[in-house]
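Student: Next comes the structure file work_5.csv, holding CSV, C-alpha atoms.
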```
chain,number,residue,atom,x,y,z
A,1,MET,CA,0.0,0.0,0.0
A,2,ILE,CA,1.3,3.4,-0.9
A,3,ASP,CA,1.9,5.8,2.0
A,4,LEU,CA,1.1,9.3,1.0
A,5,ALA,CA,2.0,10.8,4.4
A,6,LEU,CA,5.7,10.8,3.6
A,7,PRO,CA,6.9,11.2,7.2
A,8,ALA,CA,10.5,11.2,6.1
A,9,GLY,CA,9.9,14.6,4.4
A,10,THR,CA,8.9,16.5,7.5
A,11,ALA,CA,12.4,17.7,8.2
A,12,PRO,CA,12.8,19.5,4.9
A,13,ILE,CA,9.3,21.0,5.4
A,14,ARG,CA,10.4,22.3,8.8
A,15,ARG,CA,13.6,23.8,7.4
A,16,LYS,CA,11.6,25.4,4.6
A,17,ARG,CA,9.2,27.0,7.1
A,18,ALA,CA,12.1,28.2,9.2
A,19,GLY,CA,13.7,29.7,6.1
A,20,MET,CA,10.4,31.5,5.2
A,21,LEU,CA,10.1,32.9,8.7
A,22,SER,CA,13.7,34.1,8.6
A,23,ARG,CA,13.1,35.9,5.3
A,24,LEU,CA,9.9,37.5,6.7
A,25,LEU,CA,11.8,38.8,9.7
A,26,ARG,CA,14.4,40.3,7.5
A,27,ASP,CA,11.7,42.5,5.9
A,28,ARG,CA,11.8,45.4,8.2
A,29,VAL,CA,8.7,47.1,6.7
A,30,ALA,CA,6.6,43.9,7.1
A,31,VAL,CA,7.8,43.5,10.7
A,32,ALA,CA,7.0,47.1,11.5
A,33,ALA,CA,3.5,46.7,10.0
A,34,LEU,CA,3.0,43.5,12.0
A,35,ILE,CA,4.0,45.2,15.2
A,36,VAL,CA,1.8,48.2,14.6
A,37,LEU,CA,-1.2,46.1,13.7
A,38,GLY,CA,-0.6,43.8,16.6
A,39,LEU,CA,-0.5,46.7,19.0
A,40,ILE,CA,-3.8,48.1,17.5
A,41,VAL,CA,-5.4,44.7,17.9
A,42,ILE,CA,-4.2,44.3,21.5
A,43,ALA,CA,-5.4,47.9,22.4
A,44,ALA,CA,-8.8,47.2,20.8
A,45,ILE,CA,-9.2,43.9,22.8
A,46,LEU,CA,-8.2,45.6,26.0
A,47,ALA,CA,-10.3,48.7,25.4
A,48,PRO,CA,-12.6,48.1,28.4
A,49,TRP,CA,-9.6,48.1,30.7
A,50,ILE,CA,-7.3,50.8,29.2
A,51,ALA,CA,-9.8,53.4,28.0
A,52,PRO,CA,-9.5,56.4,30.4
A,53,HIS,CA,-13.2,57.3,30.2
A,54,ASP,CA,-16.6,55.8,29.3
A,55,PRO,CA,-16.7,56.3,25.5
A,56,TYR,CA,-20.5,57.1,25.7
A,57,LEU,CA,-20.2,59.6,28.6
A,58,THR,CA,-21.1,63.2,27.4
A,59,THR,CA,-19.6,66.2,29.2
A,60,ARG,CA,-19.6,69.9,28.9
A,61,ARG,CA,-15.9,69.9,27.7
A,62,ARG,CA,-16.8,69.8,24.0
A,63,LEU,CA,-14.3,69.9,21.1
A,64,LEU,CA,-11.2,70.1,23.3
A,65,PRO,CA,-8.1,69.8,21.2
A,66,PRO,CA,-5.6,66.9,21.7
A,67,VAL,CA,-3.7,67.9,24.8
A,68,TRP,CA,-2.0,66.3,27.8
A,69,GLU,CA,-3.6,67.5,30.9
A,70,ALA,CA,-1.6,68.0,34.0
A,71,ARG,CA,-2.7,66.7,37.5
A,72,GLY,CA,-0.9,63.4,36.9
A,73,THR,CA,-3.6,62.0,34.5
A,74,TRP,CA,-3.7,61.4,30.8
A,75,THR,CA,-7.4,62.1,30.3
A,76,TYR,CA,-8.5,63.7,27.0
A,77,LEU,CA,-5.1,63.0,25.5
A,78,LEU,CA,-6.8,63.1,22.0
A,79,GLY,CA,-9.3,65.8,22.9
A,80,THR,CA,-13.1,65.4,22.9
A,81,ASP,CA,-15.8,65.4,20.3
A,82,SER,CA,-18.9,67.6,19.8
A,83,LEU,CA,-20.7,65.9,22.7
A,84,GLY,CA,-17.7,66.1,25.0
A,85,ARG,CA,-16.9,62.4,24.8
A,86,CYS,CA,-13.3,61.3,25.2
A,87,MET,CA,-11.7,60.7,21.7
A,88,LEU,CA,-9.1,58.3,23.0
A,89,SER,CA,-11.7,56.1,24.6
A,90,ARG,CA,-13.9,56.2,21.5
A,91,LEU,CA,-11.0,55.5,19.3
A,92,LEU,CA,-10.2,52.3,21.2
A,93,TYR,CA,-13.8,51.1,21.1
A,94,GLY,CA,-14.1,52.2,17.5
A,95,ALA,CA,-11.1,50.2,16.4
A,96,ARG,CA,-12.6,47.3,18.2
A,97,SER,CA,-15.8,47.5,16.2
A,98,THR,CA,-14.0,48.1,12.9
A,99,LEU,CA,-11.6,45.2,13.3
A,100,LEU,CA,-14.6,43.0,14.4
A,101,ILE,CA,-16.4,43.9,11.1
A,102,GLY,CA,-13.3,43.1,9.1
A,103,VAL,CA,-12.6,39.8,10.8
A,104,LEU,CA,-16.2,38.5,10.7
A,105,ALA,CA,-16.8,39.4,7.1
A,106,THR,CA,-13.5,38.1,5.9
A,107,ALA,CA,-13.8,34.9,7.9
A,108,ALA,CA,-17.4,34.2,6.9
A,109,GLY,CA,-17.0,35.1,3.2
A,110,GLY,CA,-13.6,33.4,3.0
A,111,ALA,CA,-14.9,30.1,4.5
A,112,ILE,CA,-17.8,29.9,2.1
A,113,GLY,CA,-15.7,31.0,-0.8
A,114,VAL,CA,-13.0,28.4,-0.1
A,115,LEU,CA,-15.6,25.7,0.2
A,116,ALA,CA,-17.2,26.7,-3.1
A,117,GLY,CA,-13.8,26.9,-4.9
A,118,LEU,CA,-12.7,23.5,-3.6
A,119,THR,CA,-16.1,21.9,-4.6
A,120,ALA,CA,-15.9,23.4,-8.1
A,121,ALA,CA,-12.4,22.1,-8.6
A,122,PHE,CA,-12.9,18.6,-7.2
A,123,TYR,CA,-16.4,17.9,-8.5
A,124,ARG,CA,-16.2,19.2,-12.0
A,125,ARG,CA,-20.0,18.6,-12.6
A,126,PHE,CA,-20.7,21.4,-10.2
A,127,ASP,CA,-18.1,23.8,-11.7
A,128,GLY,CA,-20.4,25.5,-14.2
A,129,LEU,CA,-23.2,26.1,-11.7
A,130,LEU,CA,-21.0,27.4,-8.9
A,131,MET,CA,-19.1,29.7,-11.3
A,132,ARG,CA,-22.3,31.1,-12.7
A,133,LEU,CA,-23.5,31.8,-9.2
A,134,ASN,CA,-20.1,33.5,-8.6
A,135,ASP,CA,-20.7,35.7,-11.6
A,136,VAL,CA,-24.1,36.8,-10.1
A,137,LEU,CA,-22.4,37.7,-6.8
A,138,LEU,CA,-19.6,39.6,-8.6
A,139,SER,CA,-22.2,41.8,-10.2
A,140,MET,CA,-23.3,43.1,-6.8
A,141,PRO,CA,-21.1,45.9,-5.5
A,142,ALA,CA,-20.7,45.8,-1.7
A,143,ILE,CA,-21.9,49.3,-1.3
A,144,LEU,CA,-25.1,48.7,-3.2
A,145,LEU,CA,-25.6,45.4,-1.4
A,146,GLY,CA,-25.2,47.2,1.9
A,147,LEU,CA,-27.8,49.8,0.9
A,148,ALA,CA,-30.2,47.1,0.0
A,149,LEU,CA,-29.7,45.2,3.2
A,150,ALA,CA,-30.0,48.3,5.3
A,151,ALA,CA,-33.3,49.0,3.6
A,152,VAL,CA,-34.5,45.5,4.4
A,153,ILE,CA,-33.1,44.7,7.8
A,154,GLY,CA,-32.2,48.2,8.9
A,155,ALA,CA,-28.8,49.9,9.2
A,156,GLY,CA,-26.3,48.4,11.6
A,157,MET,CA,-23.3,46.2,11.9
A,158,THR,CA,-25.3,43.1,10.9
A,159,ALA,CA,-26.1,44.6,7.5
A,160,ILE,CA,-22.4,45.6,6.9
A,161,VAL,CA,-21.1,42.2,7.9
A,162,VAL,CA,-23.6,40.3,5.7
A,163,ALA,CA,-22.9,42.7,2.7
A,164,LEU,CA,-19.1,42.4,3.0
A,165,SER,CA,-19.3,38.6,3.5
A,166,VAL,CA,-21.3,38.2,0.3
A,167,ALA,CA,-18.9,40.5,-1.5
A,168,THR,CA,-16.0,38.4,-0.4
A,169,ILE,CA,-17.3,35.0,-1.4
A,170,PRO,CA,-17.0,35.2,-5.3
A,171,THR,CA,-13.4,36.5,-5.4
A,172,VAL,CA,-12.2,34.0,-2.7
A,173,ALA,CA,-14.0,31.2,-4.6
A,174,ARG,CA,-12.2,32.1,-7.9
A,175,VAL,CA,-8.8,32.3,-6.2
A,176,THR,CA,-9.4,28.9,-4.5
A,177,ARG,CA,-10.6,27.2,-7.6
A,178,ALA,CA,-7.7,28.4,-9.7
A,179,SER,CA,-5.2,27.1,-7.1
A,180,ALA,CA,-7.1,23.9,-6.6
A,181,LEU,CA,-7.2,23.1,-10.3
A,182,VAL,CA,-3.4,23.2,-10.4
A,183,VAL,CA,-3.3,20.8,-7.4
A,184,MET,CA,-5.8,18.5,-9.0
A,185,GLY,CA,-3.4,17.9,-11.9
A,186,GLN,CA,-0.6,16.6,-9.6
A,187,ASP,CA,0.4,13.0,-9.4
A,188,TYR,CA,-0.3,12.5,-5.7
A,189,MET,CA,-4.0,13.4,-6.3
A,190,GLU,CA,-4.3,10.6,-8.9
A,191,ALA,CA,-2.3,8.3,-6.5
A,192,GLY,CA,-4.8,9.0,-3.7
A,193,ARG,CA,-7.7,8.2,-6.0
A,194,SER,CA,-6.1,5.0,-7.2
A,195,ILE,CA,-5.7,3.6,-3.7
A,196,GLY,CA,-9.2,4.4,-2.7
A,197,LEU,CA,-8.8,7.4,-0.4
A,198,PRO,CA,-12.2,8.9,0.5
A,199,ASP,CA,-13.1,12.3,-1.1
A,200,HIS,CA,-13.1,14.2,2.2
A,201,THR,CA,-9.5,13.0,2.9
A,202,LEU,CA,-8.4,14.1,-0.6
A,203,ILE,CA,-10.1,17.4,-0.3
A,204,TRP,CA,-9.0,18.5,3.1
A,205,ARG,CA,-5.7,16.7,3.6
A,206,TYR,CA,-4.2,17.1,0.2
A,207,LEU,CA,-6.2,19.6,-2.0
A,208,ALA,CA,-6.9,22.3,0.6
A,209,LEU,CA,-3.6,22.2,2.3
A,210,ASN,CA,-1.7,22.5,-1.0
A,211,CYS,CA,-3.6,25.5,-2.2
A,212,ILE,CA,-4.0,27.3,1.1
A,213,SER,CA,-1.0,29.7,0.6
A,214,PRO,CA,-2.4,31.9,-2.2
A,215,VAL,CA,-5.8,31.9,-0.5
A,216,MET,CA,-4.3,33.1,2.8
A,217,VAL,CA,-2.4,35.9,0.9
A,218,TYR,CA,-5.6,37.0,-0.8
A,219,LEU,CA,-7.6,36.9,2.5
A,220,THR,CA,-5.0,39.2,4.1
A,221,LEU,CA,-5.4,41.7,1.3
A,222,ARG,CA,-9.1,41.2,1.3
A,223,PHE,CA,-9.2,42.0,5.0
A,224,ALA,CA,-7.8,45.4,4.3
A,225,GLN,CA,-10.4,46.0,1.6
A,226,THR,CA,-13.1,44.9,3.9
A,227,ILE,CA,-12.0,47.3,6.6
A,228,LEU,CA,-12.0,50.2,4.0
A,229,ILE,CA,-15.4,49.3,2.5
A,230,GLY,CA,-16.9,48.8,5.9
A,231,ALA,CA,-15.6,52.2,7.0
A,232,VAL,CA,-17.2,53.8,3.8
A,233,LEU,CA,-20.5,52.1,4.6
A,234,SER,CA,-20.4,53.4,8.2
A,235,PHE,CA,-19.5,56.8,6.9
A,236,LEU,CA,-22.7,56.7,4.8
A,237,GLY,CA,-24.7,55.9,7.9
A,238,LEU,CA,-25.3,52.2,7.2
A,239,GLY,CA,-23.1,50.8,9.9
A,240,ALA,CA,-23.1,51.1,13.6
A,241,GLN,CA,-25.6,53.7,14.8
A,242,PRO,CA,-25.0,56.4,17.4
A,243,PRO,CA,-24.0,56.4,20.2
A,244,ALA,CA,-21.9,53.3,19.3
A,245,ALA,CA,-18.2,53.9,18.5
A,246,GLU,CA,-17.0,52.8,15.0
A,247,LEU,CA,-14.1,54.5,13.1
A,248,GLY,CA,-16.1,55.2,9.9
A,249,MET,CA,-19.0,56.6,11.8
A,250,MET,CA,-16.7,58.7,14.0
A,251,ALA,CA,-15.1,60.2,10.9
A,252,SER,CA,-18.6,61.0,9.5
A,253,SER,CA,-19.8,62.6,12.7
A,254,GLY,CA,-16.8,64.9,12.8
A,255,ARG,CA,-17.1,66.3,9.3
A,256,ASN,CA,-19.4,69.1,10.5
A,257,GLU,CA,-16.6,70.4,12.8
A,258,LEU,CA,-13.8,69.8,10.3
A,259,PHE,CA,-12.7,73.5,10.3
A,260,ILE,CA,-13.1,74.2,14.0
A,261,ALA,CA,-12.1,70.9,15.4
A,262,PRO,CA,-10.4,68.8,12.7
A,263,HIS,CA,-9.1,66.2,15.2
A,264,VAL,CA,-12.7,64.8,15.6
A,265,ALA,CA,-12.7,63.5,11.9
A,266,THR,CA,-9.0,63.2,11.2
A,267,ILE,CA,-8.0,60.9,14.1
A,268,PRO,CA,-10.4,58.0,13.3
A,269,SER,CA,-9.6,58.5,9.6
A,270,LEU,CA,-5.9,58.2,10.3
A,271,ALA,CA,-6.6,55.1,12.3
A,272,ILE,CA,-8.4,53.5,9.3
A,273,VAL,CA,-5.4,54.4,7.1
A,274,VAL,CA,-2.9,52.8,9.4
A,275,ILE,CA,-4.9,49.6,9.8
A,276,VAL,CA,-5.5,49.3,6.0
A,277,LEU,CA,-1.9,50.1,5.2
A,278,CYS,CA,-0.5,47.6,7.7
A,279,ALA,CA,-2.7,44.8,6.4
A,280,ASN,CA,-1.7,45.6,2.8
A,281,VAL,CA,2.0,45.6,3.7
A,282,LEU,CA,1.6,42.2,5.4
A,283,GLY,CA,-0.3,40.8,2.4
A,284,ASP,CA,2.3,42.0,0.0
A,285,ALA,CA,5.1,40.5,2.2
A,286,LEU,CA,3.2,37.1,2.3
A,287,ARG,CA,2.7,37.2,-1.4
A,288,ASP,CA,6.4,37.8,-2.0
A,289,LEU,CA,7.3,35.1,0.5
A,290,LEU,CA,5.0,32.4,-0.8
A,291,ASP,CA,5.0,33.0,-4.5
A,292,PRO,CA,8.0,31.1,-6.0
A,293,ARG,CA,8.0,33.5,-9.0
A,294,LEU,CA,8.6,36.5,-6.6
A,295,ARG,CA,10.6,34.8,-3.9
A,296,LYS,CA,14.3,35.7,-3.7
A,297,LEU,CA,16.2,32.5,-3.2
```
I'd like the structure from this file rewritten - as structure tokens, please.
Tutor:
Amino acid sequence: MIDLALPAGTAPIRRKRAGMLSRLLRDRVAVAALIVLGLIVIAAILAPWIAPHDPYLTTRRRLLPPVWEARGTWTYLLGTDSLGRCMLSRLLYGARSTLLIGVLATAAGGAIGVLAGLTAAFYRRFDGLLMRLNDVLLSMPAILLGLALAAVIGAGMTAIVVALSVATIPTVARVTRASALVVMGQDYMEAGRSIGLPDHTLIWRYLALNCISPVMVYLTLRFAQTILIGAVLSFLGLGAQPPAAELGMMASSGRNELFIAPHVATIPSLAIVVIVLCANVLGDALRDLLDPRLRKL
């Protein structure tokens, strides 16, 4: 009986992974992006414990500029908004909501897209049907889909997550299918069929694992796109509703005070830029690392 596990090859695989990690750590821009994004994620997770104020507490100290107050405290480090709420606290909670939208939409749409792509590549009789459904989904822009869902189920984070998830499915499915078709032509897939391995083993142990690299690279880039599109939808009033904190909505609420208190709109906008930029840099680094045509040996 043919053993497809090839345990003797685990050492070269480990050396290859160690070499890839070493090359990634040599990319100073990617490491810096990873550190910045990691700090933002940690700050967002710990927002309830590190936020200096209640992000929903209104005060009379409205539109204070970013300052460091004396008295041994660091309250209102980033100023206050038009309702006197602490901008730093709202920024931490807003980053939490924005990142949650990006993660949920990318994970949900990515999982369905990967499943559809693998199914289309492995069961060719479903290929035509699945790809035509993909074409239908590709014809629906995320912003228009968000508008439609907001009209049906009401504006909110649920509408944004559903819209962005649906918009993620077709592109992930196409990337997965293209990679899976290459893997399907390899000899080990034919060997697995010849010895009678069940379909689920061939799909998840051999097909999925051998085409996961380009999919992960694309999902990293798609995460950045999802964050940006989600912020645009929130800016248009389709996302989280007041008084909830979300970066796109915070930027939108500060546009009326742009000339008298520019920090209210620019601080959350800059936070969105930093998150998207770091995610794109990491996606490019992973692409250069995993693509043999771009890898520097």
Student: Provide the CA of Tyr56 (chain A) to CA of Ala244 (chain A) distance in Å, to one decimal place.
Tutor: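 These two atoms are separated by 7.6 Å.
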Student: What is the CA of Phe223 (chain A)-CA of Leu46 (chain A) distance in Å, reported with one decimal?
Tutor: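 According to the coordinates, CA of Phe223 (chain A) and CA of Leu46 (chain A) are separated by 21.3 Å.
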Student: Which residues are near Cys211 (chain A)? Cut-off 8 Å, all atoms listed in the file, ignore same chain within fewer than 4 positions. Put them as a PyMOL selection string.
Tutor: chain A and resi 176+179-180+183+207+215
Student: In Å to one decimal, how far is CA of Met87 (chain A) from CA of Leu238 (chain A)?
Tutor: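 For CA of Leu238 (chain A) relative to CA of Met87 (chain A), the distance reads 21.6 Å.
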Student: Pick out the closest residue to Ala116 (chain A) from this set: A:Leu137, A:Leu100, A:Val152, A:Ala173. Count only C-alpha atoms.
Tutor: A:Ala173
Student: Using 10 Å as the limit and counting all atoms listed in the file, can you tabulate each residue of region 122-221 of chain A that touches region 266-283 of chain A, with its shortest atom-to-atom distance in Å and the two atoms involved, as a tab-separated table?
Tutor:
```
residue	atom	partner	partner_atom	distance
A:Met216	CA	A:Gly283	CA	8.7
A:Val217	CA	A:Gly283	CA	5.5
A:Tyr218	CA	A:Gly283	CA	7.3
A:Leu219	CA	A:Gly283	CA	8.3
A:Thr220	CA	A:Gly283	CA	5.2
A:Leu221	CA	A:Gly283	CA	5.3
```
Student: Which residue, A:Thr80, A:Gln186, A:Gln225, A:Thr201, has the smallest gap to Val67 (chain A) when you use only C-alpha atoms?
Tutor: A:Thr80
Student: Taking only C-alpha atoms into account, name the residue in A:Leu64, A:Ala178, A:Ala111, A:Ala121 that is nearest to His263 (chain A).
Tutor: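 Going through A:Leu64, A:Ala178, A:Ala111, A:Ala121 one by one, the smallest distance to His263 (chain A) is for A:Leu64.
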Student: Name all residues at most 10 Å from region 144-148 of chain A (count only C-alpha atoms; drop same-chain ones fewer than 4 positions away) and give them as a PyMOL selection string.
Tutor: chain A and resi 137+140+152-156+158-164+166-167+230+233+236-239
Student: Considering all atoms listed in the file, state which residue in the set A:Leu92, A:Thr106, A:Pro243, A:Glu257 is at the smallest distance from Thr58 (chain A).
Tutor: A:Pro243
Student: Could you check which of A:Ala261, A:Ala105, A:Ala285, A:Leu290 is closest to Leu78 (chain A), using all atoms listed in the file?
Tutor: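 The closest residue to Leu78 (chain A) is A:Ala261.
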Student: I need the residue nearest Ile101 (chain A) from this list: A:Ala47, A:Ala224, A:Leu118, A:Leu39. Use only C-alpha atoms for the distance.
Tutor: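 Residue with the minimum atom-to-atom distance to Ile101 (chain A): A:Ala224.
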Student: List the spatial neighbours of Thr119 (chain A) as an MDAnalysis selection string - criterion: any atom at most 12 Å away, all atoms listed in the file, same-chain residues fewer than 3 positions off excluded.
Tutor: chainID A and resid 112:116 122:131 173:174 176:178 180:181 184 199:200 202:204 207:208
Student: What would region 26-86 of chain A look like if you wrote it out as a PDB file, in the first residue's frame, with C-alpha atoms included, from the block I just posted?
Tutor:
```pdb
ATOM      1  CA  ARG A  26      14.385  40.326   7.461  1.00  0.00           C
ATOM      2  CA  ASP A  27      11.677  42.468   5.867  1.00  0.00           C
ATOM      3  CA  ARG A  28      11.766  45.443   8.216  1.00  0.00           C
ATOM      4  CA  VAL A  29       8.703  47.101   6.702  1.00  0.00           C
ATOM      5  CA  ALA A  30       6.622  43.944   7.126  1.00  0.00           C
ATOM      6  CA  VAL A  31       7.845  43.467  10.700  1.00  0.00           C
ATOM      7  CA  ALA A  32       6.998  47.089  11.517  1.00  0.00           C
ATOM      8  CA  ALA A  33       3.527  46.652   9.993  1.00  0.00           C
ATOM      9  CA  LEU A  34       3.019  43.458  11.988  1.00  0.00           C
ATOM     10  CA  ILE A  35       4.049  45.162  15.241  1.00  0.00           C
ATOM     11  CA  VAL A  36       1.806  48.201  14.637  1.00  0.00           C
ATOM     12  CA  LEU A  37      -1.188  46.091  13.653  1.00  0.00           C
ATOM     13  CA  GLY A  38      -0.593  43.783  16.603  1.00  0.00           C
ATOM     14  CA  LEU A  39      -0.518  46.738  19.002  1.00  0.00           C
ATOM     15  CA  ILE A  40      -3.761  48.077  17.535  1.00  0.00           C
ATOM     16  CA  VAL A  41      -5.447  44.689  17.913  1.00  0.00           C
ATOM     17  CA  ILE A  42      -4.231  44.338  21.514  1.00  0.00           C
ATOM     18  CA  ALA A  43      -5.390  47.870  22.358  1.00  0.00           C
ATOM     19  CA  ALA A  44      -8.794  47.170  20.806  1.00  0.00           C
ATOM     20  CA  ILE A  45      -9.185  43.934  22.767  1.00  0.00           C
ATOM     21  CA  LEU A  46      -8.171  45.610  26.023  1.00  0.00           C
ATOM     22  CA  ALA A  47     -10.318  48.700  25.382  1.00  0.00           C
ATOM     23  CA  PRO A  48     -12.631  48.134  28.394  1.00  0.00           C
ATOM     24  CA  TRP A  49      -9.606  48.084  30.709  1.00  0.00           C
ATOM     25  CA  ILE A  50      -7.323  50.757  29.229  1.00  0.00           C
ATOM     26  CA  ALA A  51      -9.840  53.366  28.029  1.00  0.00           C
ATOM     27  CA  PRO A  52      -9.491  56.395  30.354  1.00  0.00           C
ATOM     28  CA  HIS A  53     -13.210  57.264  30.173  1.00  0.00           C
ATOM     29  CA  ASP A  54     -16.577  55.833  29.316  1.00  0.00           C
ATOM     30  CA  PRO A  55     -16.744  56.262  25.510  1.00  0.00           C
ATOM     31  CA  TYR A  56     -20.456  57.113  25.730  1.00  0.00           C
ATOM     32  CA  LEU A  57     -20.227  59.620  28.594  1.00  0.00           C
ATOM     33  CA  THR A  58     -21.093  63.152  27.434  1.00  0.00           C
ATOM     34  CA  THR A  59     -19.597  66.165  29.212  1.00  0.00           C
ATOM     35  CA  ARG A  60     -19.567  69.934  28.874  1.00  0.00           C
ATOM     36  CA  ARG A  61     -15.946  69.898  27.703  1.00  0.00           C
ATOM     37  CA  ARG A  62     -16.785  69.831  24.008  1.00  0.00           C
ATOM     38  CA  LEU A  63     -14.343  69.942  21.103  1.00  0.00           C
ATOM     39  CA  LEU A  64     -11.245  70.097  23.292  1.00  0.00           C
ATOM     40  CA  PRO A  65      -8.071  69.828  21.167  1.00  0.00           C
ATOM     41  CA  PRO A  66      -5.632  66.945  21.688  1.00  0.00           C
ATOM     42  CA  VAL A  67      -3.712  67.888  24.835  1.00  0.00           C
ATOM     43  CA  TRP A  68      -1.957  66.284  27.784  1.00  0.00           C
ATOM     44  CA  GLU A  69      -3.646  67.497  30.918  1.00  0.00           C
ATOM     45  CA  ALA A  70      -1.612  68.004  34.033  1.00  0.00           C
ATOM     46  CA  ARG A  71      -2.673  66.715  37.453  1.00  0.00           C
ATOM     47  CA  GLY A  72      -0.943  63.398  36.856  1.00  0.00           C
ATOM     48  CA  THR A  73      -3.631  62.049  34.538  1.00  0.00           C
ATOM     49  CA  TRP A  74      -3.735  61.389  30.808  1.00  0.00           C
ATOM     50  CA  THR A  75      -7.419  62.145  30.305  1.00  0.00           C
ATOM     51  CA  TYR A  76      -8.477  63.728  27.010  1.00  0.00           C
ATOM     52  CA  LEU A  77      -5.118  62.967  25.450  1.00  0.00           C
ATOM     53  CA  LEU A  78      -6.779  63.111  22.015  1.00  0.00           C
ATOM     54  CA  GLY A  79      -9.339  65.751  22.934  1.00  0.00           C
ATOM     55  CA  THR A  80     -13.114  65.442  22.932  1.00  0.00           C
ATOM     56  CA  ASP A  81     -15.812  65.378  20.263  1.00  0.00           C
ATOM     57  CA  SER A  82     -18.868  67.585  19.759  1.00  0.00           C
ATOM     58  CA  LEU A  83     -20.667  65.925  22.686  1.00  0.00           C
ATOM     59  CA  GLY A  84     -17.695  66.124  25.049  1.00  0.00           C
ATOM     60  CA  ARG A  85     -16.854  62.410  24.794  1.00  0.00           C
ATOM     61  CA  CYS A  86     -13.256  61.278  25.163  1.00  0.00           C
TER      62      CYS A  86
END
```
